[in-house]
Amino acid sequence: MEFGVNFFPVVDPERKTAAEYYAESLRLVELAESLGYEHVQIVEHYGSPYGGYSPDPVAFLAAAAARTSRIRLATGAVIAAFTHPVKLAATLAMLDNLSHGRLDVGFGRAFLPDEFEAFGVPIEESRARFDDGIAACIALWTEENTVFEGTVHRFGPFTGFPRPYQQPHPPVFVASASSSDSCAAAGRAGHHLQVVPSVTTRQGLKEMIEGYRQARAAAGHPGGGRIQVKYTCYVSEDRGLALADAREHEQNYVSRMAEAVSSWAHTRSSQYPGYERFVEKARSYDFDRALADGKVLAGTPQDVTEQVREIAAEYGSDLCLSLQFSPGHLPFERAARAMELFALQVAPFFTGRAGAAAGAEAAAMPAAG
């Protein structure tokens with residue numbers, strides 16, 4: 001099992017400015033590299049405290065690349081519907097070169113009606129633009145004089161430039177919130193997978209992951225693929241502090257999500273069946289139930305170790321958990337300490353790299369001081 005660090009800024013500008021958030025997050029990126037985390041990743045959202053501090057994952061990851069040399073850089077995810085594939089392929093290839101081949105590209109469909117409206121993109125074109133975006137980027141990374149005839153996008157002949165550093169192209173991940181069909185399609189295509197347990201049931205998540213594995217194997221792709229599962233994670237020597245932080249910041253996350261998804265109350269789309277129920281799900285959130293259902297990791301290092309063991313037993317030990325230690329307004333020092341405690345006292349039970357983690361302790365501790 002591997003572990004990475006995930007950034008999803010659920011931040012009110014009145015409580016933390018964008019400059020403060022970016023500065024703190026990039027310090028955490030440097031800490032993540034020193035502690036041996038596998039990747040850092042960041043989302044793409046617009047126009048609200050729900051992720052709106054991250055309108056451009058490529059810009060953030062370019063800054064992260066300049067401060068690191070080993071850790072992988074993952075988009076989690078870029079939204080193909082909002083960027084023409086010629087531009088998207090080129091900017092991602094540029095980042096792959098700047099990082100000397102450390103880029104993992106996660107593609108997402110987006111799901112907020114207000115974002116589609118802001119870009120003037122019909123929400124009913126969501127799936128077509130997503131499929132076109134992945135196919136066109138891969139073609140532009142691997143071909144010359146590309147002629148692309150998609151459902152929405154048509155262009156060429158055109159040769160993408162620059163070429164990616166990784167050959168034939170960076171690893172491609174598909175992000176799925178709740179769709180087993182999307183997970184199976186990712187498996188058939190030979191792509192990797194990003195999933196979020198907070199918006200589905202435990203059984204639903206299990207079906208998504210198993211459907212992906214089965215479809216990938218049936219299509220004859222080698223290996224099991226890379227599966228990233230995203231959790232918020234609160235770790236402290238003081239269980240009461242960890243749980244208090246978790247309760248406060250998970251409620252902030254859900255409250256901001258409820259505002260962001262509120263337009264589903266009067267929006268219907270064949271592309272997103274059942275999404276009108278998102279509003280009620282957000283409003284009925286209960287932290288204690290979420291913790292018991294394994295949707296959030298919180299407690300002492302010993303508590304979190306047991307929670308990760310349950311995840312491995314439920315979904316498999318070949319996962320990569322992408323952990324958010326800095327959800328919005330949590331003070332930098334507590335987020336950094338949580339990252340250290342997880343790397344030094346939890347991760348070694350699953351990675352087999354206890355010596356490396358212990359060796360990083362002396363260098364890492366001052367970062368949180």
# chains A, B, ... in the order shown; residues from 1 in each chain; ligands from 1
call {"tool": "residues_around", "arguments": {"residues": "Pro197 (chain A)", "least_positions_apart": "5", "cutoff": "12 Å", "atoms": "only C-alpha atoms", "output": "JSON, numbers by chain"}}
result
{"A": [175, 176, 177, 178, 179, 202, 203, 204, 205, 206, 207, 208, 209, 228, 229, 230, 231, 232, 290, 291, 293, 294, 295, 296, 297, 311, 315, 321, 322, 323]}
call {"tool": "write_last_selection", "arguments": {"atoms": "N, CA and C atoms", "output": "short mmCIF file (atom, residue, chain, number, x, y, z; two decimals), in the first residue's frame"}}
result
data_model
loop_
_atom_site.label_atom_id
_atom_site.label_comp_id
_atom_site.auth_asym_id
_atom_site.auth_seq_id
_atom_site.Cartn_x
_atom_site.Cartn_y
_atom_site.Cartn_z
N ALA A 175 -11.19 9.82 -12.75
CA ALA A 175 -11.81 10.11 -11.46
C ALA A 175 -13.30 9.81 -11.53
N SER A 176 -13.80 9.09 -10.53
CA SER A 176 -15.22 8.75 -10.48
C SER A 176 -15.74 8.99 -9.08
N ALA A 177 -16.86 9.71 -8.96
CA ALA A 177 -17.44 9.98 -7.65
C ALA A 177 -18.32 8.84 -7.17
N SER A 178 -19.14 8.29 -8.07
CA SER A 178 -20.08 7.27 -7.62
C SER A 178 -20.51 6.30 -8.71
N SER A 179 -19.89 6.38 -9.88
CA SER A 179 -20.37 5.60 -11.02
C SER A 179 -19.56 4.32 -11.22
N ARG A 202 -20.21 2.25 1.54
CA ARG A 202 -19.09 1.30 1.58
C ARG A 202 -19.28 0.21 0.53
N GLN A 203 -20.49 -0.31 0.41
CA GLN A 203 -20.75 -1.34 -0.59
C GLN A 203 -20.61 -0.77 -1.99
N GLY A 204 -21.07 0.47 -2.18
CA GLY A 204 -20.93 1.10 -3.49
C GLY A 204 -19.49 1.26 -3.89
N LEU A 205 -18.63 1.68 -2.95
CA LEU A 205 -17.22 1.83 -3.24
C LEU A 205 -16.58 0.48 -3.58
N LYS A 206 -16.98 -0.54 -2.84
CA LYS A 206 -16.44 -1.87 -3.11
C LYS A 206 -16.81 -2.33 -4.52
N GLU A 207 -18.05 -2.08 -4.92
CA GLU A 207 -18.49 -2.46 -6.27
C GLU A 207 -17.74 -1.68 -7.34
N MET A 208 -17.48 -0.39 -7.08
CA MET A 208 -16.74 0.42 -8.04
C MET A 208 -15.32 -0.13 -8.24
N ILE A 209 -14.64 -0.43 -7.14
CA ILE A 209 -13.26 -0.91 -7.24
C ILE A 209 -13.21 -2.31 -7.86
N GLN A 228 -6.25 5.05 -6.59
CA GLN A 228 -6.12 6.06 -5.54
C GLN A 228 -7.49 6.26 -4.88
N VAL A 229 -7.52 6.17 -3.55
CA VAL A 229 -8.74 6.40 -2.79
C VAL A 229 -8.48 7.58 -1.85
N LYS A 230 -9.36 8.59 -1.90
CA LYS A 230 -9.10 9.86 -1.23
C LYS A 230 -9.84 9.95 0.11
N TYR A 231 -9.09 10.26 1.16
CA TYR A 231 -9.65 10.43 2.50
C TYR A 231 -9.12 11.71 3.13
N THR A 232 -9.94 12.35 3.95
CA THR A 232 -9.38 13.33 4.88
C THR A 232 -8.85 12.58 6.09
N ALA A 290 -20.21 8.99 9.69
CA ALA A 290 -19.16 8.97 8.67
C ALA A 290 -17.89 8.32 9.19
N LEU A 291 -17.53 8.62 10.43
CA LEU A 291 -16.33 8.02 11.02
C LEU A 291 -16.51 6.52 11.18
N ASP A 293 -18.40 4.63 9.45
CA ASP A 293 -18.50 4.01 8.13
C ASP A 293 -17.18 4.04 7.36
N GLY A 294 -16.13 4.56 7.97
CA GLY A 294 -14.83 4.57 7.31
C GLY A 294 -14.70 5.58 6.20
N LYS A 295 -15.44 6.70 6.27
CA LYS A 295 -15.36 7.74 5.24
C LYS A 295 -14.32 8.81 5.58
N VAL A 296 -13.83 8.80 6.82
CA VAL A 296 -12.82 9.75 7.27
C VAL A 296 -11.90 9.02 8.24
N LEU A 297 -10.62 9.39 8.25
CA LEU A 297 -9.65 8.80 9.17
C LEU A 297 -9.36 9.82 10.26
N ILE A 311 -9.56 -0.63 5.86
CA ILE A 311 -9.64 -0.28 4.44
C ILE A 311 -8.96 -1.34 3.58
N TYR A 315 -11.05 -3.39 0.79
CA TYR A 315 -10.91 -3.04 -0.63
C TYR A 315 -9.62 -3.57 -1.26
N LEU A 321 -3.67 5.37 -0.84
CA LEU A 321 -4.56 6.31 -0.17
C LEU A 321 -4.02 7.72 -0.34
N SER A 322 -4.86 8.59 -0.88
CA SER A 322 -4.49 9.99 -1.09
C SER A 322 -5.14 10.80 0.04
N LEU A 323 -4.33 11.30 0.96
CA LEU A 323 -4.81 11.80 2.24
C LEU A 323 -4.78 13.33 2.29
#
call {"tool": "residues_around", "arguments": {"residues": "Gly190 (chain A)", "least_positions_apart": "3", "cutoff": "7 Å", "atoms": "only C-alpha atoms", "output": "ChimeraX atom specification"}}
result
/A:186-187,216,221
call {"tool": "closest_residue", "arguments": {"among": "A:Asp131, A:Glu340, A:Asp318, A:Glu115", "to": "Cys233 (chain A)", "atoms": "only C-alpha atoms"}}
result
A:Glu340
call {"tool": "residues_around", "arguments": {"residues": "Ser236 (chain A)", "least_positions_apart": "6", "cutoff": "10 Å", "atoms": "only C-alpha atoms", "output": "PDB file with N, CA, C and O atoms, in the first residue's frame"}}
result
ATOM      1  N   ALA A 242      -7.724  15.398  17.799  1.00  0.00           N
ATOM      2  CA  ALA A 242      -7.914  14.893  16.435  1.00  0.00           C
ATOM      3  C   ALA A 242      -9.390  14.795  16.088  1.00  0.00           C
ATOM      4  O   ALA A 242      -9.813  15.193  14.993  1.00  0.00           O
ATOM      5  N   LEU A 243     -10.201  14.285  17.004  1.00  0.00           N
ATOM      6  CA  LEU A 243     -11.625  14.137  16.720  1.00  0.00           C
ATOM      7  C   LEU A 243     -12.332  15.483  16.675  1.00  0.00           C
ATOM      8  O   LEU A 243     -13.254  15.679  15.862  1.00  0.00           O
ATOM      9  N   ASP A 245     -10.932  18.350  15.709  1.00  0.00           N
ATOM     10  CA  ASP A 245     -10.563  18.916  14.417  1.00  0.00           C
ATOM     11  C   ASP A 245     -11.363  18.269  13.299  1.00  0.00           C
ATOM     12  O   ASP A 245     -11.863  18.938  12.387  1.00  0.00           O
ATOM     13  N   ALA A 298      -9.470   9.407  11.523  1.00  0.00           N
ATOM     14  CA  ALA A 298      -9.274  10.368  12.610  1.00  0.00           C
ATOM     15  C   ALA A 298      -8.942   9.645  13.904  1.00  0.00           C
ATOM     16  O   ALA A 298      -9.524   8.595  14.204  1.00  0.00           O
ATOM     17  N   GLY A 299      -8.020  10.233  14.677  1.00  0.00           N
ATOM     18  CA  GLY A 299      -7.670   9.699  15.982  1.00  0.00           C
ATOM     19  C   GLY A 299      -6.175   9.718  16.216  1.00  0.00           C
ATOM     20  O   GLY A 299      -5.435  10.466  15.567  1.00  0.00           O
ATOM     21  N   THR A 300      -5.730   8.887  17.149  1.00  0.00           N
ATOM     22  CA  THR A 300      -4.312   8.730  17.404  1.00  0.00           C
ATOM     23  C   THR A 300      -3.682   7.909  16.283  1.00  0.00           C
ATOM     24  O   THR A 300      -4.397   7.292  15.474  1.00  0.00           O
ATOM     25  N   PRO A 301      -2.338   7.867  16.216  1.00  0.00           N
ATOM     26  CA  PRO A 301      -1.728   6.990  15.207  1.00  0.00           C
ATOM     27  C   PRO A 301      -2.213   5.547  15.305  1.00  0.00           C
ATOM     28  O   PRO A 301      -2.400   4.879  14.275  1.00  0.00           O
ATOM     29  N   GLN A 302      -2.437   5.065  16.529  1.00  0.00           N
ATOM     30  CA  GLN A 302      -2.929   3.696  16.682  1.00  0.00           C
ATOM     31  C   GLN A 302      -4.336   3.543  16.132  1.00  0.00           C
ATOM     32  O   GLN A 302      -4.664   2.554  15.458  1.00  0.00           O
ATOM     33  N   ASP A 303      -5.189   4.542  16.406  1.00  0.00           N
ATOM     34  CA  ASP A 303      -6.554   4.507  15.864  1.00  0.00           C
ATOM     35  C   ASP A 303      -6.533   4.479  14.336  1.00  0.00           C
ATOM     36  O   ASP A 303      -7.240   3.688  13.699  1.00  0.00           O
ATOM     37  N   VAL A 304      -5.741   5.364  13.751  1.00  0.00           N
ATOM     38  CA  VAL A 304      -5.715   5.483  12.294  1.00  0.00           C
ATOM     39  C   VAL A 304      -5.103   4.241  11.656  1.00  0.00           C
ATOM     40  O   VAL A 304      -5.520   3.811  10.580  1.00  0.00           O
ATOM     41  N   ARG A 334      -0.731  21.897  12.901  1.00  0.00           N
ATOM     42  CA  ARG A 334      -1.434  20.643  13.177  1.00  0.00           C
ATOM     43  C   ARG A 334      -1.480  19.764  11.930  1.00  0.00           C
ATOM     44  O   ARG A 334      -1.393  18.530  12.028  1.00  0.00           O
ATOM     45  N   ALA A 335      -1.648  20.368  10.750  1.00  0.00           N
ATOM     46  CA  ALA A 335      -1.620  19.574   9.521  1.00  0.00           C
ATOM     47  C   ALA A 335      -0.247  18.940   9.325  1.00  0.00           C
ATOM     48  O   ALA A 335      -0.139  17.758   8.975  1.00  0.00           O
ATOM     49  N   ARG A 337       2.013  18.261  11.628  1.00  0.00           N
ATOM     50  CA  ARG A 337       2.245  17.219  12.628  1.00  0.00           C
ATOM     51  C   ARG A 337       1.479  15.946  12.281  1.00  0.00           C
ATOM     52  O   ARG A 337       1.993  14.836  12.458  1.00  0.00           O
ATOM     53  N   ALA A 338       0.266  16.099  11.767  1.00  0.00           N
ATOM     54  CA  ALA A 338      -0.503  14.919  11.356  1.00  0.00           C
ATOM     55  C   ALA A 338       0.212  14.165  10.236  1.00  0.00           C
ATOM     56  O   ALA A 338       0.270  12.929  10.234  1.00  0.00           O
ATOM     57  N   MET A 339       0.763  14.899   9.262  1.00  0.00           N
ATOM     58  CA  MET A 339       1.517  14.260   8.185  1.00  0.00           C
ATOM     59  C   MET A 339       2.711  13.484   8.737  1.00  0.00           C
ATOM     60  O   MET A 339       3.013  12.369   8.292  1.00  0.00           O
ATOM     61  N   GLU A 340       3.406  14.072   9.697  1.00  0.00           N
ATOM     62  CA  GLU A 340       4.569  13.413  10.285  1.00  0.00           C
ATOM     63  C   GLU A 340       4.162  12.149  11.047  1.00  0.00           C
ATOM     64  O   GLU A 340       4.772  11.082  10.884  1.00  0.00           O
ATOM     65  N   LEU A 341       3.135  12.280  11.891  1.00  0.00           N
ATOM     66  CA  LEU A 341       2.700  11.127  12.664  1.00  0.00           C
ATOM     67  C   LEU A 341       2.252   9.986  11.762  1.00  0.00           C
ATOM     68  O   LEU A 341       2.562   8.812  12.017  1.00  0.00           O
ATOM     69  N   PHE A 342       1.522  10.310  10.690  1.00  0.00           N
ATOM     70  CA  PHE A 342       1.081   9.253   9.780  1.00  0.00           C
ATOM     71  C   PHE A 342       2.276   8.589   9.111  1.00  0.00           C
ATOM     72  O   PHE A 342       2.367   7.354   9.046  1.00  0.00           O
TER      73      PHE A 342
END
call {"tool": "select_by_dssp", "arguments": {"residues": "region 248-328 of chain A", "states": "strand (DSSP E or B)", "output": "list of chain:residue names"}}
result
A:Leu297, A:Ala298, A:Gly299, A:Cys320, A:Leu321, A:Ser322, A:Leu323, A:Gln324
call {"tool": "write_last_selection", "arguments": {"atoms": "N, CA, C and O atoms", "output": "short mmCIF file (atom, residue, chain, number, x, y, z; two decimals), in the first residue's frame"}}
result
data_model
loop_
_atom_site.label_atom_id
_atom_site.label_comp_id
_atom_site.auth_asym_id
_atom_site.auth_seq_id
_atom_site.Cartn_x
_atom_site.Cartn_y
_atom_site.Cartn_z
N LEU A 297 -10.62 9.39 8.25
CA LEU A 297 -9.65 8.80 9.17
C LEU A 297 -9.36 9.82 10.26
O LEU A 297 -9.02 10.97 9.96
N ALA A 298 -9.47 9.41 11.52
CA ALA A 298 -9.27 10.37 12.61
C ALA A 298 -8.94 9.64 13.90
O ALA A 298 -9.52 8.60 14.20
N GLY A 299 -8.02 10.23 14.68
CA GLY A 299 -7.67 9.70 15.98
C GLY A 299 -6.18 9.72 16.22
O GLY A 299 -5.44 10.47 15.57
N CYS A 320 -3.56 2.99 -3.19
CA CYS A 320 -2.80 4.16 -2.76
C CYS A 320 -3.80 5.11 -2.13
O CYS A 320 -4.71 5.58 -2.81
N LEU A 321 -3.67 5.37 -0.84
CA LEU A 321 -4.56 6.31 -0.17
C LEU A 321 -4.02 7.72 -0.34
O LEU A 321 -2.87 8.01 0.02
N SER A 322 -4.86 8.59 -0.88
CA SER A 322 -4.49 9.99 -1.09
C SER A 322 -5.14 10.80 0.04
O SER A 322 -6.37 10.94 0.07
N LEU A 323 -4.33 11.30 0.96
CA LEU A 323 -4.81 11.80 2.24
C LEU A 323 -4.78 13.33 2.29
O LEU A 323 -3.75 13.94 1.98
N GLN A 324 -5.89 13.91 2.69
CA GLN A 324 -5.93 15.35 2.89
C GLN A 324 -5.70 15.65 4.37
O GLN A 324 -6.54 15.34 5.22
#
call {"tool": "residues_around", "arguments": {"residues": "Gly47 (chain A)", "least_positions_apart": "2", "cutoff": "10 Å", "atoms": "only C-alpha atoms", "output": "list of chain:residue names"}}
result
A:His45, A:Pro49, A:Tyr50, A:Gly51, A:Gly52, A:Tyr53, A:Ser54, A:Pro55, A:Asp114, A:Glu115, A:Ala118, A:Ala260
call {"tool": "write_last_selection", "arguments": {"atoms": "all heavy atoms", "output": "mmCIF file, in the first residue's frame"}}
result
data_model
loop_
_atom_site.group_PDB
_atom_site.id
_atom_site.type_symbol
_atom_site.label_atom_id
_atom_site.label_comp_id
_atom_site.auth_asym_id
_atom_site.auth_seq_id
_atom_site.Cartn_x
_atom_site.Cartn_y
_atom_site.Cartn_z
ATOM 1 N N HIS A 45 -11.648 23.268 -9.295
ATOM 2 C CA HIS A 45 -12.994 23.802 -9.080
ATOM 3 C C HIS A 45 -12.968 25.313 -9.275
ATOM 4 O O HIS A 45 -11.892 25.928 -9.325
ATOM 5 C CB HIS A 45 -13.516 23.453 -7.678
ATOM 6 C CG HIS A 45 -14.112 22.090 -7.578
ATOM 7 N ND1 HIS A 45 -15.250 21.719 -8.274
ATOM 8 C CD2 HIS A 45 -13.737 20.990 -6.863
ATOM 9 C CE1 HIS A 45 -15.543 20.459 -7.987
ATOM 10 N NE2 HIS A 45 -14.646 19.991 -7.144
ATOM 11 N N PRO A 49 -16.055 28.730 -2.162
ATOM 12 C CA PRO A 49 -15.118 28.172 -1.174
ATOM 13 C C PRO A 49 -14.936 26.665 -1.283
ATOM 14 O O PRO A 49 -14.026 26.117 -0.678
ATOM 15 C CB PRO A 49 -15.763 28.549 0.170
ATOM 16 C CG PRO A 49 -16.591 29.752 -0.124
ATOM 17 C CD PRO A 49 -17.138 29.498 -1.506
ATOM 18 N N TYR A 50 -15.793 25.986 -2.049
ATOM 19 C CA TYR A 50 -15.666 24.543 -2.247
ATOM 20 C C TYR A 50 -14.683 24.278 -3.383
ATOM 21 O O TYR A 50 -15.047 24.104 -4.548
ATOM 22 C CB TYR A 50 -17.040 23.941 -2.571
ATOM 23 C CG TYR A 50 -17.045 22.446 -2.759
ATOM 24 C CD1 TYR A 50 -16.901 21.586 -1.685
ATOM 25 C CD2 TYR A 50 -17.213 21.887 -4.021
ATOM 26 C CE1 TYR A 50 -16.913 20.212 -1.855
ATOM 27 C CE2 TYR A 50 -17.239 20.514 -4.205
ATOM 28 C CZ TYR A 50 -17.080 19.684 -3.116
ATOM 29 O OH TYR A 50 -17.103 18.323 -3.301
ATOM 30 N N GLY A 51 -13.398 24.319 -3.053
ATOM 31 C CA GLY A 51 -12.363 24.016 -4.039
ATOM 32 C C GLY A 51 -11.948 25.176 -4.904
ATOM 33 O O GLY A 51 -11.049 25.026 -5.738
ATOM 34 N N GLY A 52 -12.570 26.342 -4.732
ATOM 35 C CA GLY A 52 -12.332 27.440 -5.658
ATOM 36 C C GLY A 52 -10.939 28.039 -5.620
ATOM 37 O O GLY A 52 -10.553 28.760 -6.547
ATOM 38 N N TYR A 53 -10.164 27.748 -4.569
ATOM 39 C CA TYR A 53 -8.767 28.178 -4.536
ATOM 40 C C TYR A 53 -7.886 27.341 -5.465
ATOM 41 O O TYR A 53 -6.690 27.583 -5.560
ATOM 42 C CB TYR A 53 -8.219 28.085 -3.113
ATOM 43 C CG TYR A 53 -8.421 29.325 -2.260
ATOM 44 C CD1 TYR A 53 -9.089 30.451 -2.747
ATOM 45 C CD2 TYR A 53 -7.944 29.365 -0.955
ATOM 46 C CE1 TYR A 53 -9.265 31.572 -1.961
ATOM 47 C CE2 TYR A 53 -8.110 30.484 -0.149
ATOM 48 C CZ TYR A 53 -8.779 31.583 -0.654
ATOM 49 O OH TYR A 53 -8.945 32.693 0.136
ATOM 50 N N SER A 54 -8.473 26.371 -6.145
ATOM 51 C CA SER A 54 -7.688 25.546 -7.073
ATOM 52 C C SER A 54 -8.341 25.523 -8.451
ATOM 53 O O SER A 54 -8.850 24.492 -8.888
ATOM 54 C CB SER A 54 -7.542 24.117 -6.550
ATOM 55 O OG SER A 54 -6.765 23.335 -7.441
ATOM 56 N N PRO A 55 -8.322 26.651 -9.173
ATOM 57 C CA PRO A 55 -8.862 26.662 -10.529
ATOM 58 C C PRO A 55 -7.912 26.057 -11.552
ATOM 59 O O PRO A 55 -8.328 25.770 -12.674
ATOM 60 C CB PRO A 55 -9.076 28.154 -10.806
ATOM 61 C CG PRO A 55 -7.999 28.815 -10.001
ATOM 62 C CD PRO A 55 -7.863 27.997 -8.756
ATOM 63 N N ASP A 114 -23.341 24.882 -11.679
ATOM 64 C CA ASP A 114 -22.924 26.286 -11.751
ATOM 65 C C ASP A 114 -21.622 26.445 -12.529
ATOM 66 O O ASP A 114 -21.409 27.473 -13.194
ATOM 67 C CB ASP A 114 -22.757 26.860 -10.347
ATOM 68 C CG ASP A 114 -24.085 27.056 -9.637
ATOM 69 O OD1 ASP A 114 -25.128 27.036 -10.325
ATOM 70 O OD2 ASP A 114 -24.082 27.215 -8.400
ATOM 71 N N GLU A 115 -20.735 25.466 -12.447
ATOM 72 C CA GLU A 115 -19.476 25.553 -13.188
ATOM 73 C C GLU A 115 -19.728 25.410 -14.682
ATOM 74 O O GLU A 115 -19.135 26.144 -15.491
ATOM 75 C CB GLU A 115 -18.492 24.495 -12.689
ATOM 76 C CG GLU A 115 -17.996 24.744 -11.276
ATOM 77 C CD GLU A 115 -16.975 23.726 -10.812
ATOM 78 O OE1 GLU A 115 -16.858 22.647 -11.429
ATOM 79 O OE2 GLU A 115 -16.292 24.006 -9.808
ATOM 80 N N ALA A 118 -21.105 28.668 -15.860
ATOM 81 C CA ALA A 118 -20.109 29.741 -15.918
ATOM 82 C C ALA A 118 -19.266 29.657 -17.185
ATOM 83 O O ALA A 118 -18.898 30.680 -17.771
ATOM 84 C CB ALA A 118 -19.215 29.686 -14.685
ATOM 85 N N ALA A 260 -22.360 24.360 -2.773
ATOM 86 C CA ALA A 260 -21.908 24.193 -4.156
ATOM 87 C C ALA A 260 -22.856 23.326 -4.971
ATOM 88 O O ALA A 260 -23.011 23.544 -6.180
ATOM 89 C CB ALA A 260 -20.504 23.587 -4.164
#
call {"tool": "residues_around", "arguments": {"residues": "Pro273 (chain A)", "least_positions_apart": "4", "cutoff": "12 Å", "atoms": "only C-alpha atoms", "output": "PDB file with N, CA and C atoms, in the first residue's frame"}}
result
ATOM      1  N   PHE A 111     -19.106  18.059 -11.890  1.00  0.00           N
ATOM      2  CA  PHE A 111     -20.472  17.663 -11.543  1.00  0.00           C
ATOM      3  C   PHE A 111     -21.294  18.812 -10.977  1.00  0.00           C
ATOM      4  N   GLU A 124     -25.208  18.574 -20.617  1.00  0.00           N
ATOM      5  CA  GLU A 124     -25.523  17.333 -21.326  1.00  0.00           C
ATOM      6  C   GLU A 124     -24.361  16.865 -22.207  1.00  0.00           C
ATOM      7  N   SER A 178     -19.136   8.288  -8.068  1.00  0.00           N
ATOM      8  CA  SER A 178     -20.084   7.268  -7.615  1.00  0.00           C
ATOM      9  C   SER A 178     -20.512   6.300  -8.707  1.00  0.00           C
ATOM     10  N   SER A 179     -19.892   6.378  -9.879  1.00  0.00           N
ATOM     11  CA  SER A 179     -20.374   5.604 -11.022  1.00  0.00           C
ATOM     12  C   SER A 179     -19.562   4.325 -11.222  1.00  0.00           C
ATOM     13  N   TRP A 264     -28.364  21.609  -7.853  1.00  0.00           N
ATOM     14  CA  TRP A 264     -28.978  20.334  -8.246  1.00  0.00           C
ATOM     15  C   TRP A 264     -30.445  20.254  -7.788  1.00  0.00           C
ATOM     16  N   THR A 267     -31.939  21.348 -11.006  1.00  0.00           N
ATOM     17  CA  THR A 267     -31.282  20.918 -12.242  1.00  0.00           C
ATOM     18  C   THR A 267     -31.459  19.417 -12.404  1.00  0.00           C
ATOM     19  N   ARG A 268     -31.766  18.990 -13.619  1.00  0.00           N
ATOM     20  CA  ARG A 268     -31.827  17.564 -13.916  1.00  0.00           C
ATOM     21  C   ARG A 268     -31.010  17.320 -15.178  1.00  0.00           C
ATOM     22  N   SER A 269     -30.269  16.212 -15.202  1.00  0.00           N
ATOM     23  CA  SER A 269     -29.459  15.890 -16.369  1.00  0.00           C
ATOM     24  C   SER A 269     -29.389  14.385 -16.528  1.00  0.00           C
ATOM     25  N   ARG A 277     -30.202  14.218  -5.484  1.00  0.00           N
ATOM     26  CA  ARG A 277     -30.214  13.797  -4.084  1.00  0.00           C
ATOM     27  C   ARG A 277     -28.966  14.256  -3.328  1.00  0.00           C
ATOM     28  N   PHE A 278     -27.986  14.816  -4.051  1.00  0.00           N
ATOM     29  CA  PHE A 278     -26.776  15.300  -3.402  1.00  0.00           C
ATOM     30  C   PHE A 278     -27.093  16.332  -2.324  1.00  0.00           C
TER      31      PHE A 278
END
call {"tool": "closest_residue", "arguments": {"among": "A:Gly328, A:Gly316, A:Pro164, A:Pro348", "to": "Gly36 (chain A)", "atoms": "only C-alpha atoms"}}
result
A:Pro348
call {"tool": "residues_around", "arguments": {"residues": "Pro162 (chain A)", "least_positions_apart": "4", "cutoff": "7 Å", "atoms": "only C-alpha atoms", "output": "PyMOL selection string"}}
result
chain A and resi 90+93-94
call {"tool": "closest_residue", "arguments": {"among": "A:Tyr285, A:Phe148, A:Phe60, A:Phe173", "to": "Ala18 (chain A)", "atoms": "only C-alpha atoms"}}
result
A:Phe60
call {"tool": "select_by_dssp", "arguments": {"residues": "region 31-186 of chain A", "states": "alpha helix (DSSP H)", "output": "NGL selection string"}}
result
:A and (31-35 or 57-66 or 85-98 or 113-119 or 126-142 or 180-186)
call {"tool": "residues_around", "arguments": {"residues": "Arg27 (chain A)", "least_positions_apart": "4", "cutoff": "10 Å", "atoms": "only C-alpha atoms", "output": "list in words"}}
result
Tyr22, Ala23, Leu31, Ala32, Ala64, Arg67, Phe332, Ala336, Ala367 and Ala368 of chain A
call {"tool": "write_last_selection", "arguments": {"atoms": "N, CA and C atoms", "output": "PDB file, in the first residue's frame"}}
result
ATOM      1  N   TYR A  22      -1.794  28.906  -0.443  1.00  0.00           N
ATOM      2  CA  TYR A  22      -0.783  28.360  -1.344  1.00  0.00           C
ATOM      3  C   TYR A  22       0.564  28.226  -0.634  1.00  0.00           C
ATOM      4  N   ALA A  23       0.946  29.231   0.144  1.00  0.00           N
ATOM      5  CA  ALA A  23       2.233  29.182   0.840  1.00  0.00           C
ATOM      6  C   ALA A  23       2.278  28.006   1.814  1.00  0.00           C
ATOM      7  N   LEU A  31       7.344  18.985   2.812  1.00  0.00           N
ATOM      8  CA  LEU A  31       7.341  18.030   3.910  1.00  0.00           C
ATOM      9  C   LEU A  31       6.955  16.637   3.430  1.00  0.00           C
ATOM     10  N   ALA A  32       5.954  16.566   2.543  1.00  0.00           N
ATOM     11  CA  ALA A  32       5.528  15.269   2.007  1.00  0.00           C
ATOM     12  C   ALA A  32       6.682  14.559   1.309  1.00  0.00           C
ATOM     13  N   ALA A  64       4.904  23.078  -7.171  1.00  0.00           N
ATOM     14  CA  ALA A  64       5.341  21.925  -6.382  1.00  0.00           C
ATOM     15  C   ALA A  64       6.549  21.249  -7.018  1.00  0.00           C
ATOM     16  N   ARG A  67       9.877  22.728  -6.167  1.00  0.00           N
ATOM     17  CA  ARG A  67      10.326  22.578  -4.792  1.00  0.00           C
ATOM     18  C   ARG A  67      10.674  21.147  -4.424  1.00  0.00           C
ATOM     19  N   PHE A 332      -1.589  25.319  10.143  1.00  0.00           N
ATOM     20  CA  PHE A 332      -0.500  24.638   9.464  1.00  0.00           C
ATOM     21  C   PHE A 332       0.219  23.658  10.380  1.00  0.00           C
ATOM     22  N   ALA A 336       0.820  19.709   9.545  1.00  0.00           N
ATOM     23  CA  ALA A 336       2.169  19.183   9.375  1.00  0.00           C
ATOM     24  C   ALA A 336       2.447  18.071  10.377  1.00  0.00           C
ATOM     25  N   ALA A 367       9.829  21.204  10.616  1.00  0.00           N
ATOM     26  CA  ALA A 367       8.854  21.825   9.726  1.00  0.00           C
ATOM     27  C   ALA A 367       7.563  22.176  10.423  1.00  0.00           C
ATOM     28  N   ALA A 368       7.238  21.455  11.498  1.00  0.00           N
ATOM     29  CA  ALA A 368       5.983  21.695  12.189  1.00  0.00           C
ATOM     30  C   ALA A 368       6.171  22.516  13.454  1.00  0.00           C
TER      31      ALA A 368
END
call {"tool": "closest_residue", "arguments": {"among": "A:Ala343, A:Leu112, A:Phe161, A:His169", "to": "Glu276 (chain A)", "atoms": "only C-alpha atoms"}}
result
A:Leu112
